[in-house]
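Student: Contents are mmCIF, C-alpha atoms; file name query-v8.cif:
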```
data_data
#
loop_
_atom_site.label_atom_id
_atom_site.label_comp_id
_atom_site.auth_asym_id
_atom_site.auth_seq_id
_atom_site.Cartn_x
_atom_site.Cartn_y
_atom_site.Cartn_z
CA MET U 1 12.93 -38.49 7.63
CA LYS U 2 11.68 -42.02 8.14
CA ALA U 3 10.91 -43.45 11.55
CA ARG U 4 13.79 -45.88 11.21
CA ASP U 5 16.18 -43.00 10.53
CA VAL U 6 14.84 -41.05 13.50
CA PHE U 7 15.36 -44.08 15.77
CA SER U 8 18.86 -44.67 14.38
CA TYR U 9 19.81 -41.01 14.83
CA SER U 10 18.50 -40.98 18.42
CA LEU U 11 20.31 -44.20 19.27
CA SER U 12 23.54 -42.73 17.90
CA ALA U 13 23.08 -39.64 20.06
CA ILE U 14 22.69 -41.85 23.13
CA LYS U 15 25.82 -43.85 22.25
CA LEU U 16 27.84 -40.66 21.99
CA ARG U 17 27.00 -39.84 25.60
CA LYS U 18 27.15 -43.30 27.13
CA LEU U 19 27.97 -42.39 30.72
CA ARG U 20 25.32 -39.72 30.92
CA ALA U 21 22.75 -42.01 29.32
CA ALA U 22 23.70 -44.86 31.65
CA LEU U 23 23.19 -42.69 34.73
CA THR U 24 19.84 -41.50 33.39
CA ILE U 25 18.77 -45.06 32.65
CA LEU U 26 19.84 -46.07 36.16
CA GLY U 27 17.30 -43.70 37.63
CA VAL U 28 14.54 -45.32 35.57
CA VAL U 29 15.79 -48.80 36.49
CA ILE U 30 15.59 -48.07 40.21
CA GLY U 31 12.05 -46.73 39.96
CA ILE U 32 10.74 -49.55 37.80
CA ALA U 33 12.53 -52.21 39.87
CA ALA U 34 10.99 -50.88 43.06
CA ILE U 35 7.49 -50.85 41.57
CA VAL U 36 7.77 -54.32 40.03
CA ALA U 37 9.28 -55.85 43.16
CA LEU U 38 6.69 -54.34 45.48
CA LEU U 39 3.74 -55.30 43.30
CA GLY U 40 5.15 -58.80 42.77
CA ILE U 41 5.66 -59.27 46.50
CA THR U 42 2.25 -57.86 47.30
CA GLN U 43 0.53 -60.23 44.90
CA GLY U 44 2.65 -63.05 46.28
CA VAL U 45 1.59 -62.19 49.82
CA GLU U 46 -2.05 -62.12 48.75
CA SER U 47 -1.67 -65.47 47.03
CA THR U 48 0.07 -66.93 50.08
CA ILE U 49 -2.59 -65.66 52.47
CA THR U 50 -5.37 -67.02 50.30
CA SER U 51 -3.79 -70.43 49.83
CA GLU U 52 -2.63 -70.81 53.43
CA LEU U 53 -5.96 -69.76 54.88
CA SER U 54 -7.84 -71.86 52.38
CA GLN U 55 -6.03 -75.00 53.50
CA GLY U 56 -8.65 -76.66 55.61
CA LEU U 57 -10.44 -73.36 55.94
CA ALA U 58 -13.83 -74.91 55.35
CA THR U 59 -15.58 -72.01 53.70
CA ASP U 60 -18.95 -73.60 54.38
CA THR U 61 -18.63 -72.89 58.09
CA LEU U 62 -19.29 -70.13 60.58
CA ILE U 63 -17.29 -69.58 63.72
CA ILE U 64 -19.07 -68.43 66.85
CA THR U 65 -17.06 -66.76 69.58
CA THR U 66 -17.89 -64.57 72.51
CA ASN U 67 -17.33 -60.84 72.47
CA SER U 68 -13.57 -61.31 72.94
CA GLY U 69 -13.35 -62.83 69.46
CA LEU U 70 -10.75 -65.37 68.39
CA GLY U 71 -7.76 -63.68 69.79
CA GLY U 72 -9.34 -61.75 72.58
CA GLY U 73 -9.96 -58.07 72.55
CA GLY U 74 -12.19 -58.18 69.55
CA GLY U 75 -10.41 -60.76 67.43
CA PHE U 76 -11.46 -60.86 63.82
CA GLY U 77 -15.06 -60.14 64.41
CA GLY U 78 -17.21 -57.70 66.20
CA ASN U 79 -19.04 -55.26 64.00
CA GLY U 80 -20.33 -53.05 66.66
CA GLY U 81 -23.81 -54.37 66.78
CA GLN U 82 -24.71 -54.96 63.16
CA SER U 83 -27.06 -57.86 63.06
CA ASP U 84 -26.98 -58.56 59.37
CA ALA U 85 -23.64 -59.95 58.29
CA GLU U 86 -24.33 -60.12 54.56
CA GLY U 87 -21.67 -62.78 54.54
CA GLY U 88 -19.33 -60.37 56.19
CA LEU U 89 -16.54 -60.84 58.64
CA GLY U 90 -18.37 -60.27 61.86
CA GLY U 91 -21.87 -61.51 61.42
CA GLY U 92 -23.24 -61.13 64.89
CA GLY U 93 -22.58 -57.99 66.79
CA ALA U 94 -21.04 -58.85 70.12
CA SER U 95 -22.25 -57.03 73.16
CA SER U 96 -20.10 -55.84 76.01
CA SER U 97 -21.63 -58.37 78.43
CA ASN U 98 -19.75 -61.27 79.98
CA PHE U 99 -21.71 -63.76 77.96
CA LYS U 100 -20.11 -67.21 77.73
CA LEU U 101 -20.49 -70.03 75.27
CA TYR U 102 -21.22 -73.46 76.67
CA LEU U 103 -20.84 -76.85 75.07
CA ASN U 104 -24.52 -77.71 75.26
CA TYR U 105 -25.48 -74.80 73.01
CA THR U 106 -24.59 -77.03 70.08
CA ASN U 107 -27.66 -79.16 70.87
CA ASP U 108 -29.99 -76.28 70.02
CA LEU U 109 -27.91 -75.23 67.05
CA ASN U 110 -28.15 -78.75 65.66
CA SER U 111 -31.84 -79.25 66.24
CA THR U 112 -33.80 -76.03 66.28
CA LEU U 113 -32.17 -73.51 64.06
CA ASP U 114 -32.03 -72.61 60.41
CA PRO U 115 -32.17 -75.43 57.83
CA GLY U 116 -28.96 -74.08 56.34
CA ILE U 117 -27.13 -75.32 59.44
CA VAL U 118 -26.02 -78.92 59.05
CA SER U 119 -24.24 -79.44 62.34
CA SER U 120 -22.13 -77.76 64.97
CA PHE U 121 -19.49 -78.68 67.47
CA ALA U 122 -17.65 -76.92 70.26
CA ILE U 123 -13.95 -76.46 70.87
CA ILE U 124 -12.12 -75.90 74.15
CA GLN U 125 -8.67 -74.30 73.89
CA GLN U 126 -5.93 -73.70 76.41
CA SER U 127 -2.19 -73.15 76.46
CA GLY U 128 0.02 -75.76 78.06
CA TYR U 129 2.95 -78.12 77.71
CA LEU U 130 3.52 -81.51 76.19
CA GLN U 131 6.19 -83.54 77.94
CA SER U 132 7.68 -86.92 77.18
CA GLY U 133 10.81 -88.00 79.05
CA ASP U 134 13.26 -85.12 78.93
CA ASP U 135 11.55 -83.45 75.99
CA THR U 136 9.12 -80.64 76.68
CA ARG U 137 7.27 -78.57 74.12
CA GLN U 138 5.23 -75.51 74.93
CA VAL U 139 1.90 -75.69 73.16
CA THR U 140 -0.08 -72.55 72.55
CA ASN U 141 -2.98 -74.38 71.02
CA LEU U 142 -4.13 -77.28 73.17
CA VAL U 143 -7.48 -78.19 71.67
CA GLY U 144 -10.27 -80.31 73.08
CA VAL U 145 -12.58 -81.38 70.28
CA ASP U 146 -14.92 -84.09 69.07
CA PHE U 147 -12.58 -85.92 66.70
CA GLU U 148 -15.36 -87.21 64.45
CA ALA U 149 -17.03 -83.82 64.08
CA TYR U 150 -13.67 -82.13 63.61
CA ASP U 151 -12.74 -84.58 60.89
CA SER U 152 -16.06 -84.06 59.13
CA VAL U 153 -15.23 -80.37 58.63
CA TYR U 154 -11.43 -80.29 58.47
CA GLY U 155 -10.83 -83.74 57.06
CA SER U 156 -8.45 -82.44 54.39
CA THR U 157 -5.91 -81.36 57.02
CA PHE U 158 -6.81 -83.54 60.01
CA LYS U 159 -4.80 -86.40 58.52
CA ALA U 160 -2.23 -88.59 60.19
CA ALA U 161 1.29 -88.68 58.80
CA SER U 162 2.17 -91.38 61.31
CA GLY U 163 -0.02 -93.39 63.66
CA ASP U 164 -3.81 -93.41 63.37
CA ILE U 165 -6.53 -90.95 64.28
CA ASN U 166 -9.30 -92.82 66.02
CA LEU U 167 -12.52 -90.90 65.42
CA ASN U 168 -13.94 -92.50 68.57
CA PRO U 169 -10.86 -92.04 70.72
CA SER U 170 -10.23 -93.09 74.26
CA ASP U 171 -9.72 -90.32 76.78
CA THR U 172 -5.97 -90.81 76.66
CA ASP U 173 -5.57 -90.37 72.90
CA ILE U 174 -3.46 -87.37 71.84
CA VAL U 175 -3.00 -86.11 68.28
CA ILE U 176 -0.19 -83.63 67.67
CA GLY U 177 0.78 -81.31 64.83
CA ALA U 178 3.90 -81.73 62.71
CA ARG U 179 5.85 -78.93 64.38
CA VAL U 180 5.05 -80.23 67.86
CA SER U 181 6.65 -83.50 66.83
CA ASP U 182 9.53 -81.93 64.90
CA PRO U 183 9.73 -78.23 65.88
CA ARG U 184 12.33 -77.30 63.28
CA LEU U 185 11.10 -79.72 60.63
CA ASN U 186 14.67 -80.85 60.22
CA GLY U 187 14.34 -84.42 61.45
CA THR U 188 14.94 -83.63 65.12
CA VAL U 189 11.84 -85.40 66.38
CA LEU U 190 10.78 -84.83 69.98
CA PHE U 191 7.55 -86.82 69.97
CA ASN U 192 6.50 -89.83 67.92
CA ALA U 193 3.22 -91.63 67.46
CA GLY U 194 3.02 -94.29 70.17
CA ASP U 195 4.95 -92.25 72.77
CA GLN U 196 3.54 -91.78 76.24
CA ALA U 197 3.31 -88.09 77.07
CA ASP U 198 2.11 -85.78 79.80
CA LEU U 199 -0.08 -82.79 79.12
CA ILE U 200 0.38 -79.93 81.54
CA TRP U 201 -1.49 -76.67 81.96
CA THR U 202 -1.50 -74.09 84.71
CA ASN U 203 -4.85 -73.72 86.42
CA VAL U 204 -5.26 -70.05 87.24
CA THR U 205 -8.92 -70.29 88.21
CA GLN U 206 -8.10 -71.00 91.83
CA LEU U 207 -6.43 -68.89 94.45
CA SER U 208 -3.14 -70.77 94.32
CA PHE U 209 -2.05 -71.44 90.76
CA ALA U 210 -1.37 -75.11 90.18
CA ASN U 211 -0.12 -77.24 87.32
CA GLU U 212 -2.63 -79.85 86.22
CA THR U 213 -1.27 -82.96 84.49
CA TYR U 214 -2.59 -86.06 82.84
CA SER U 215 -0.87 -88.81 80.89
CA GLY U 216 -1.89 -90.04 77.51
CA GLN U 217 -0.55 -91.68 74.40
CA ILE U 218 0.26 -89.90 71.17
CA SER U 219 -1.89 -91.81 68.73
CA ALA U 220 -1.02 -89.78 65.62
CA VAL U 221 1.16 -87.03 64.24
CA LEU U 222 -0.59 -84.88 61.65
CA GLU U 223 0.72 -84.26 58.17
CA LYS U 224 2.53 -80.96 57.76
CA ILE U 225 -0.02 -78.27 57.01
CA GLY U 226 2.31 -75.30 56.66
CA GLY U 227 1.76 -71.58 56.93
CA PHE U 228 -0.60 -70.34 59.54
CA SER U 229 -3.87 -71.79 60.60
CA PHE U 230 -7.12 -69.89 61.03
CA VAL U 231 -9.31 -72.25 63.03
CA GLY U 232 -8.68 -75.72 61.66
CA PRO U 233 -5.80 -78.07 62.44
CA SER U 234 -2.36 -76.52 62.65
CA ASP U 235 1.22 -77.73 62.83
CA THR U 236 1.52 -76.43 66.36
CA GLY U 237 -1.73 -77.85 67.76
CA VAL U 238 -2.30 -80.69 70.23
CA TYR U 239 -5.71 -82.33 70.04
CA ILE U 240 -7.44 -84.31 72.78
CA PRO U 241 -11.00 -85.64 73.05
CA LEU U 242 -13.57 -83.07 74.11
CA SER U 243 -14.71 -85.10 77.11
CA GLN U 244 -11.14 -85.31 78.37
CA ALA U 245 -10.72 -81.55 77.87
CA GLN U 246 -13.86 -80.91 79.92
CA SER U 247 -12.46 -82.95 82.78
CA PHE U 248 -8.87 -81.78 82.43
CA PHE U 249 -9.64 -78.08 82.23
CA GLY U 250 -12.59 -78.36 84.60
CA THR U 251 -14.99 -76.42 82.41
CA ASP U 252 -18.04 -76.73 80.19
CA GLU U 253 -17.31 -73.39 78.61
CA ALA U 254 -16.48 -73.49 74.90
CA SER U 255 -13.78 -71.32 73.37
CA MET U 256 -15.74 -71.31 70.14
CA ILE U 257 -18.39 -73.20 68.24
CA ILE U 258 -17.94 -74.26 64.63
CA VAL U 259 -21.12 -74.40 62.57
CA LYS U 260 -21.15 -76.40 59.36
CA LEU U 261 -23.50 -75.03 56.72
CA ALA U 262 -25.26 -76.70 53.82
CA ASN U 263 -23.06 -74.71 51.43
CA SER U 264 -20.90 -71.59 51.25
CA ASP U 265 -23.36 -69.40 49.29
CA ASN U 266 -23.74 -65.86 50.55
CA ALA U 267 -27.47 -66.37 50.97
CA THR U 268 -26.95 -69.40 53.19
CA VAL U 269 -24.21 -67.68 55.19
CA THR U 270 -26.38 -64.60 55.72
CA GLN U 271 -29.47 -66.60 56.66
CA ALA U 272 -27.63 -68.81 59.11
CA THR U 273 -25.79 -65.82 60.59
CA LYS U 274 -29.08 -64.06 61.28
CA ALA U 275 -30.59 -67.17 62.86
CA ILE U 276 -27.57 -67.64 65.13
CA THR U 277 -27.45 -63.95 66.03
CA ASP U 278 -31.11 -64.01 67.01
CA TYR U 279 -30.66 -67.20 69.00
CA PHE U 280 -27.81 -65.74 71.03
CA LYS U 281 -29.59 -62.39 71.27
CA ASN U 282 -26.73 -60.53 69.62
CA GLN U 283 -24.22 -61.55 72.29
CA VAL U 284 -21.75 -63.42 70.11
CA THR U 285 -19.42 -62.69 67.24
CA ILE U 286 -19.94 -64.74 64.11
CA ILE U 287 -17.07 -65.04 61.68
CA SER U 288 -17.24 -66.13 58.07
CA PRO U 289 -13.87 -67.61 56.96
CA ASN U 290 -14.49 -66.46 53.39
CA ALA U 291 -14.93 -62.91 54.58
CA VAL U 292 -11.66 -63.09 56.50
CA VAL U 293 -9.78 -64.11 53.36
CA ASP U 294 -11.49 -61.41 51.30
CA LEU U 295 -10.74 -58.75 53.90
CA LEU U 296 -7.09 -59.69 54.25
CA SER U 297 -6.66 -59.80 50.47
CA SER U 298 -8.19 -56.35 50.15
CA ILE U 299 -5.92 -54.96 52.85
CA VAL U 300 -2.83 -56.46 51.23
CA ASN U 301 -3.85 -55.07 47.84
CA ILE U 302 -4.40 -51.59 49.21
CA LEU U 303 -1.11 -51.63 51.07
CA GLY U 304 0.67 -52.89 47.96
CA LEU U 305 -0.72 -50.14 45.78
CA PHE U 306 0.12 -47.56 48.42
CA VAL U 307 3.71 -48.73 48.70
CA ALA U 308 4.04 -49.01 44.91
CA GLY U 309 2.76 -45.46 44.66
CA ILE U 310 5.54 -44.32 46.96
CA ALA U 311 8.01 -46.23 44.81
CA GLY U 312 6.58 -44.45 41.78
CA ILE U 313 7.80 -41.18 43.23
CA SER U 314 11.36 -42.34 42.64
CA LEU U 315 10.43 -42.82 39.00
CA LEU U 316 9.15 -39.26 38.84
CA VAL U 317 12.49 -38.14 40.24
CA ALA U 318 14.12 -40.10 37.44
CA GLY U 319 11.84 -38.28 35.01
CA ILE U 320 13.12 -34.94 36.27
CA GLY U 321 16.62 -36.27 35.70
CA ILE U 322 15.67 -37.13 32.13
CA MET U 323 14.36 -33.62 31.58
CA ASN U 324 17.56 -32.17 32.96
CA ILE U 325 19.71 -34.35 30.74
CA MET U 326 17.65 -33.52 27.66
CA ILE U 327 17.91 -29.79 28.34
CA VAL U 328 21.68 -30.11 28.69
CA SER U 329 21.71 -32.10 25.46
CA LEU U 330 19.64 -29.41 23.79
CA ILE U 331 22.14 -26.73 24.82
CA GLU U 332 25.09 -28.79 23.65
CA ARG U 333 23.49 -29.64 20.30
CA THR U 334 22.00 -26.25 19.47
CA ARG U 335 24.37 -25.58 16.58
CA GLU U 336 23.89 -29.14 15.34
CA ILE U 337 20.14 -28.61 15.33
CA GLY U 338 20.62 -25.31 13.52
CA ILE U 339 22.64 -27.03 10.77
CA LEU U 340 20.04 -29.80 10.41
CA LYS U 341 17.20 -27.31 10.17
CA ALA U 342 19.18 -25.17 7.70
CA LEU U 343 19.54 -28.30 5.55
CA GLY U 344 15.79 -28.72 5.58
CA MET U 345 14.98 -30.86 8.60
CA LYS U 346 11.47 -30.11 9.80
CA SER U 347 10.56 -29.09 13.33
CA ARG U 348 8.50 -32.23 13.91
CA THR U 349 11.51 -34.34 12.96
CA VAL U 350 13.63 -32.58 15.59
CA LEU U 351 10.80 -33.14 18.06
CA SER U 352 10.66 -36.83 17.13
CA ILE U 353 14.41 -37.26 17.57
CA PHE U 354 14.36 -35.93 21.12
CA LEU U 355 11.27 -37.89 22.06
CA ALA U 356 12.75 -41.03 20.53
CA GLU U 357 15.87 -40.60 22.67
CA SER U 358 13.78 -40.37 25.83
CA ALA U 359 11.64 -43.34 24.75
CA ILE U 360 14.75 -45.47 24.19
CA ILE U 361 16.02 -44.48 27.64
CA GLY U 362 12.64 -45.35 29.15
CA LEU U 363 12.47 -48.68 27.32
CA ILE U 364 15.98 -49.77 28.29
CA GLY U 365 15.41 -48.61 31.86
CA GLY U 366 12.05 -50.35 31.95
CA VAL U 367 13.38 -53.70 30.74
CA LEU U 368 16.33 -53.61 33.13
CA GLY U 369 13.99 -52.41 35.88
CA VAL U 370 11.64 -55.36 35.38
CA LEU U 371 14.57 -57.76 35.56
CA GLY U 372 15.93 -55.96 38.60
CA GLY U 373 12.51 -56.00 40.26
CA TRP U 374 12.18 -59.70 39.61
CA GLY U 375 15.58 -60.35 41.18
CA LEU U 376 14.83 -58.08 44.14
CA ALA U 377 11.51 -59.79 44.80
CA GLN U 378 13.16 -63.22 44.65
CA ALA U 379 15.80 -62.06 47.14
CA VAL U 380 13.13 -60.77 49.51
CA SER U 381 11.15 -64.01 49.25
CA PHE U 382 14.32 -65.97 50.03
CA ILE U 383 15.00 -63.85 53.11
CA VAL U 384 11.38 -64.15 54.25
CA ALA U 385 11.54 -67.92 53.82
CA LYS U 386 14.66 -68.04 55.97
CA MET U 387 13.07 -65.82 58.61
CA PHE U 388 9.97 -67.98 58.84
CA GLU U 389 11.82 -71.25 58.59
CA LEU U 390 11.97 -71.49 62.34
CA GLY U 391 8.58 -69.91 62.81
CA GLY U 392 5.48 -70.92 60.97
CA GLY U 393 7.13 -72.31 57.86
CA LEU U 394 5.52 -69.58 55.76
CA THR U 395 6.72 -69.35 52.18
CA LEU U 396 6.40 -66.36 49.87
CA THR U 397 6.44 -66.69 46.12
CA PRO U 398 6.32 -63.37 44.23
CA VAL U 399 3.67 -63.24 41.53
CA PHE U 400 4.35 -61.27 38.36
CA THR U 401 1.34 -60.87 36.15
CA PRO U 402 1.56 -59.56 32.56
CA GLN U 403 -0.36 -56.49 33.73
CA VAL U 404 2.37 -55.64 36.25
CA ILE U 405 5.23 -56.13 33.77
CA LEU U 406 3.60 -54.36 30.83
CA GLY U 407 2.22 -51.65 33.12
CA ALA U 408 5.66 -50.97 34.58
CA LEU U 409 7.21 -50.76 31.11
CA ALA U 410 4.48 -48.43 29.90
CA PHE U 411 4.78 -46.29 33.01
CA GLY U 412 8.56 -46.01 32.64
CA MET U 413 8.33 -45.02 29.00
CA SER U 414 5.48 -42.61 29.64
CA VAL U 415 7.37 -40.81 32.39
CA SER U 416 10.46 -40.60 30.17
CA ILE U 417 8.52 -39.17 27.23
CA ILE U 418 6.43 -36.77 29.30
CA PHE U 419 9.48 -35.25 30.97
CA ALA U 420 11.22 -34.93 27.61
CA LEU U 421 8.35 -33.03 26.00
CA TYR U 422 9.54 -29.58 27.08
CA PRO U 423 13.17 -29.84 25.91
CA ALA U 424 11.98 -31.57 22.70
CA TRP U 425 9.51 -28.77 22.08
CA ARG U 426 12.21 -26.13 22.67
CA ALA U 427 14.55 -27.92 20.26
CA SER U 428 11.87 -28.10 17.59
CA LYS U 429 11.19 -24.36 17.87
CA LEU U 430 14.78 -23.30 17.38
CA LYS U 431 15.30 -21.04 14.38
CA PRO U 432 18.24 -22.03 12.17
CA VAL U 433 19.78 -18.55 12.25
CA ASP U 434 19.61 -18.27 16.03
CA ALA U 435 20.85 -21.80 16.50
CA LEU U 436 23.85 -21.31 14.22
CA ARG U 437 24.79 -18.08 16.03
CA TYR U 438 24.56 -19.80 19.43
CA GLU U 439 27.89 -19.95 21.32
#
```
Turn the structure described in the file into structure tokens.
Tutor:
Amino acid sequence: MKARDVFSYSLSAIKLRKLRAALTILGVVIGIAAIVALLGITQGVESTITSELSQGLATDTLIITTNSGLGGGGGFGGNGGQSDAEGGLGGGGASSSNFKLYLNYTNDLNSTLDPGIVSSFAIIQQSGYLQSGDDTRQVTNLVGVDFEAYDSVYGSTFKAASGDINLNPSDTDIVIGARVSDPRLNGTVLFNAGDQADLIWTNVTQLSFANETYSGQISAVLEKIGGFSFVGPSDTGVYIPLSQAQSFFGTDEASMIIVKLANSDNATVTQATKAITDYFKNQVTIISPNAVVDLLSSIVNILGLFVAGIAGISLLVAGIGIMNIMIVSLIERTREIGILKALGMKSRTVLSIFLAESAIIGLIGGVLGVLGGWGLAQAVSFIVAKMFELGGGLTLTPVFTPQVILGALAFGMSVSIIFALYPAWRASKLKPVDALRYE
């Protein structure tokens, strides 16, 4: 019997039992759709993280923080005392001391350290409020920084959409992010370039808490950056000159120091990390932005594979369903098989017919599953976009690589064929006499 005849015979057998075949295919569809959707979303998340973090990330930089890290309580860094970063996430091991960074440390970093270090500048950060007339906006990222130095590193995102950024600003200049100006990005603008505004923060360093205020002028509104920001400019940031921040916040303590390197090579990153670690006597945490992106991508990949593995279990359940259906089919068609074998059909042909039926079920289920997974992933990305519309403006675009699509199809067909092997083998071993006598 030719392959074409085997395929045609198997297809006819499926058509005769449409409802049963449809339910069996549905099981495969669900499994494949879940796998494709999860892998597509995972790769989309990885792509989003990489692109969002890479916007103005400045991979040729190192970030120095104290032992509390970027977000406090360890932040991104802190490798428990390892002194050699090897370009890793936490280059310098932070100690448990109360060591503080001060603005003047940048002088030594700029003049006496490793030749791989081009320059450095300090940042002071606080939370506060921006107020203009009746409009008030809480700002979680009020940043005091040297505008010129900041622009030299994050120039791709430290751009004005309206107004002008003076790189030698007066003390009253204020630069704000896009979502500070227009929180919902829907045209409801609270602050414009040229507006007078008050900056307010609560001074908790004294016995009686007090609100400190100073007035300035919004000189520029930044272009929309989108997503989430790592260290560079963000849509929710407010930027004031460093000297004004020193006076306003009453401190010379830096929240972090950004070090610009000659390049982003691992060798340069490692060498500079070691020099900085030695200089600060292992009392700071040094973060490589590249390492952060790599780490997050790895975590997302692992989580994606883990979740896809769980989804694969549903496909195995579908495989058991296929086996069950094929065994039922075998019982129902025993006499038919007996007649075919009595007419001269060979055992391997019977085996091929059953396996072809399962392969067709797997193929149809796989194709529909891929389409279903694509639709499911698009629906999830739409919902995520809506959820983040009022938050950080994060967008998620599922990514479907040929490996994911072809792999899902192959996996679906493989599971279908594997679970059909036993009933196909039993069918092929039927003796014509026994099969014809079967009731």
Student: Hey, what comes out of the PyMOL selection byres ((chain U and resi 325-332) around 8) on this file? Could you write it as a ChimeraX atom specification?
Tutor: /U:20,24,321-324,333-335,354,420,423-424,427
Student: Export C-alpha atoms of the chosen residues as a CSV table (one decimal), keeping the file's coordinate frame?
Tutor:
```
chain,number,residue,atom,x,y,z
U,20,ARG,CA,25.3,-39.7,30.9
U,24,THR,CA,19.8,-41.5,33.4
U,321,GLY,CA,16.6,-36.3,35.7
U,322,ILE,CA,15.7,-37.1,32.1
U,323,MET,CA,14.4,-33.6,31.6
U,324,ASN,CA,17.6,-32.2,33.0
U,333,ARG,CA,23.5,-29.6,20.3
U,334,THR,CA,22.0,-26.2,19.5
U,335,ARG,CA,24.4,-25.6,16.6
U,354,PHE,CA,14.4,-35.9,21.1
U,420,ALA,CA,11.2,-34.9,27.6
U,423,PRO,CA,13.2,-29.8,25.9
U,424,ALA,CA,12.0,-31.6,22.7
U,427,ALA,CA,14.6,-27.9,20.3
```
Student: Nearest to Gly163 of chain U among U:Asn104, U:Gln125, U:Ser219, U:Thr112, with distances taken over only C-alpha atoms: which residue is it?
Tutor: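 Ranked by minimum distance to Gly163 of chain U, first place goes to U:Ser219.
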Student: Report as a list in words the full result of the PyMOL selection byres ((chain U and resi 178) around 9) when it is applied to this structure.
Tutor: Ala161, Ile176, Gly177, Arg179, Val180, Ser181, Asp182, Pro183, Leu185, Val221, Leu222, Glu223, Lys224, Ile225, Gly226, Ser234, Asp235, Thr236 and Gly237 of chain U
Student: Considering all atoms listed in the file, can you say which of U:Asp151, U:Asp265, U:Asp198, U:Glu212 comes closest to Gly232 of chain U?
Tutor: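 Ranked by minimum distance to Gly232 of chain U, first place goes to U:Asp151.
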Student: Quick one: everything within 6 Å of segment 373-383 of chain U, counting only C-alpha atoms, minus sequence neighbours fewer than 3 positions away in the same chain. Send it as a list in words.
Tutor: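 So the residues in contact are Ala33, Val36, Ala37, Gly369, Val370, Lys386 and Leu396 of chain U.
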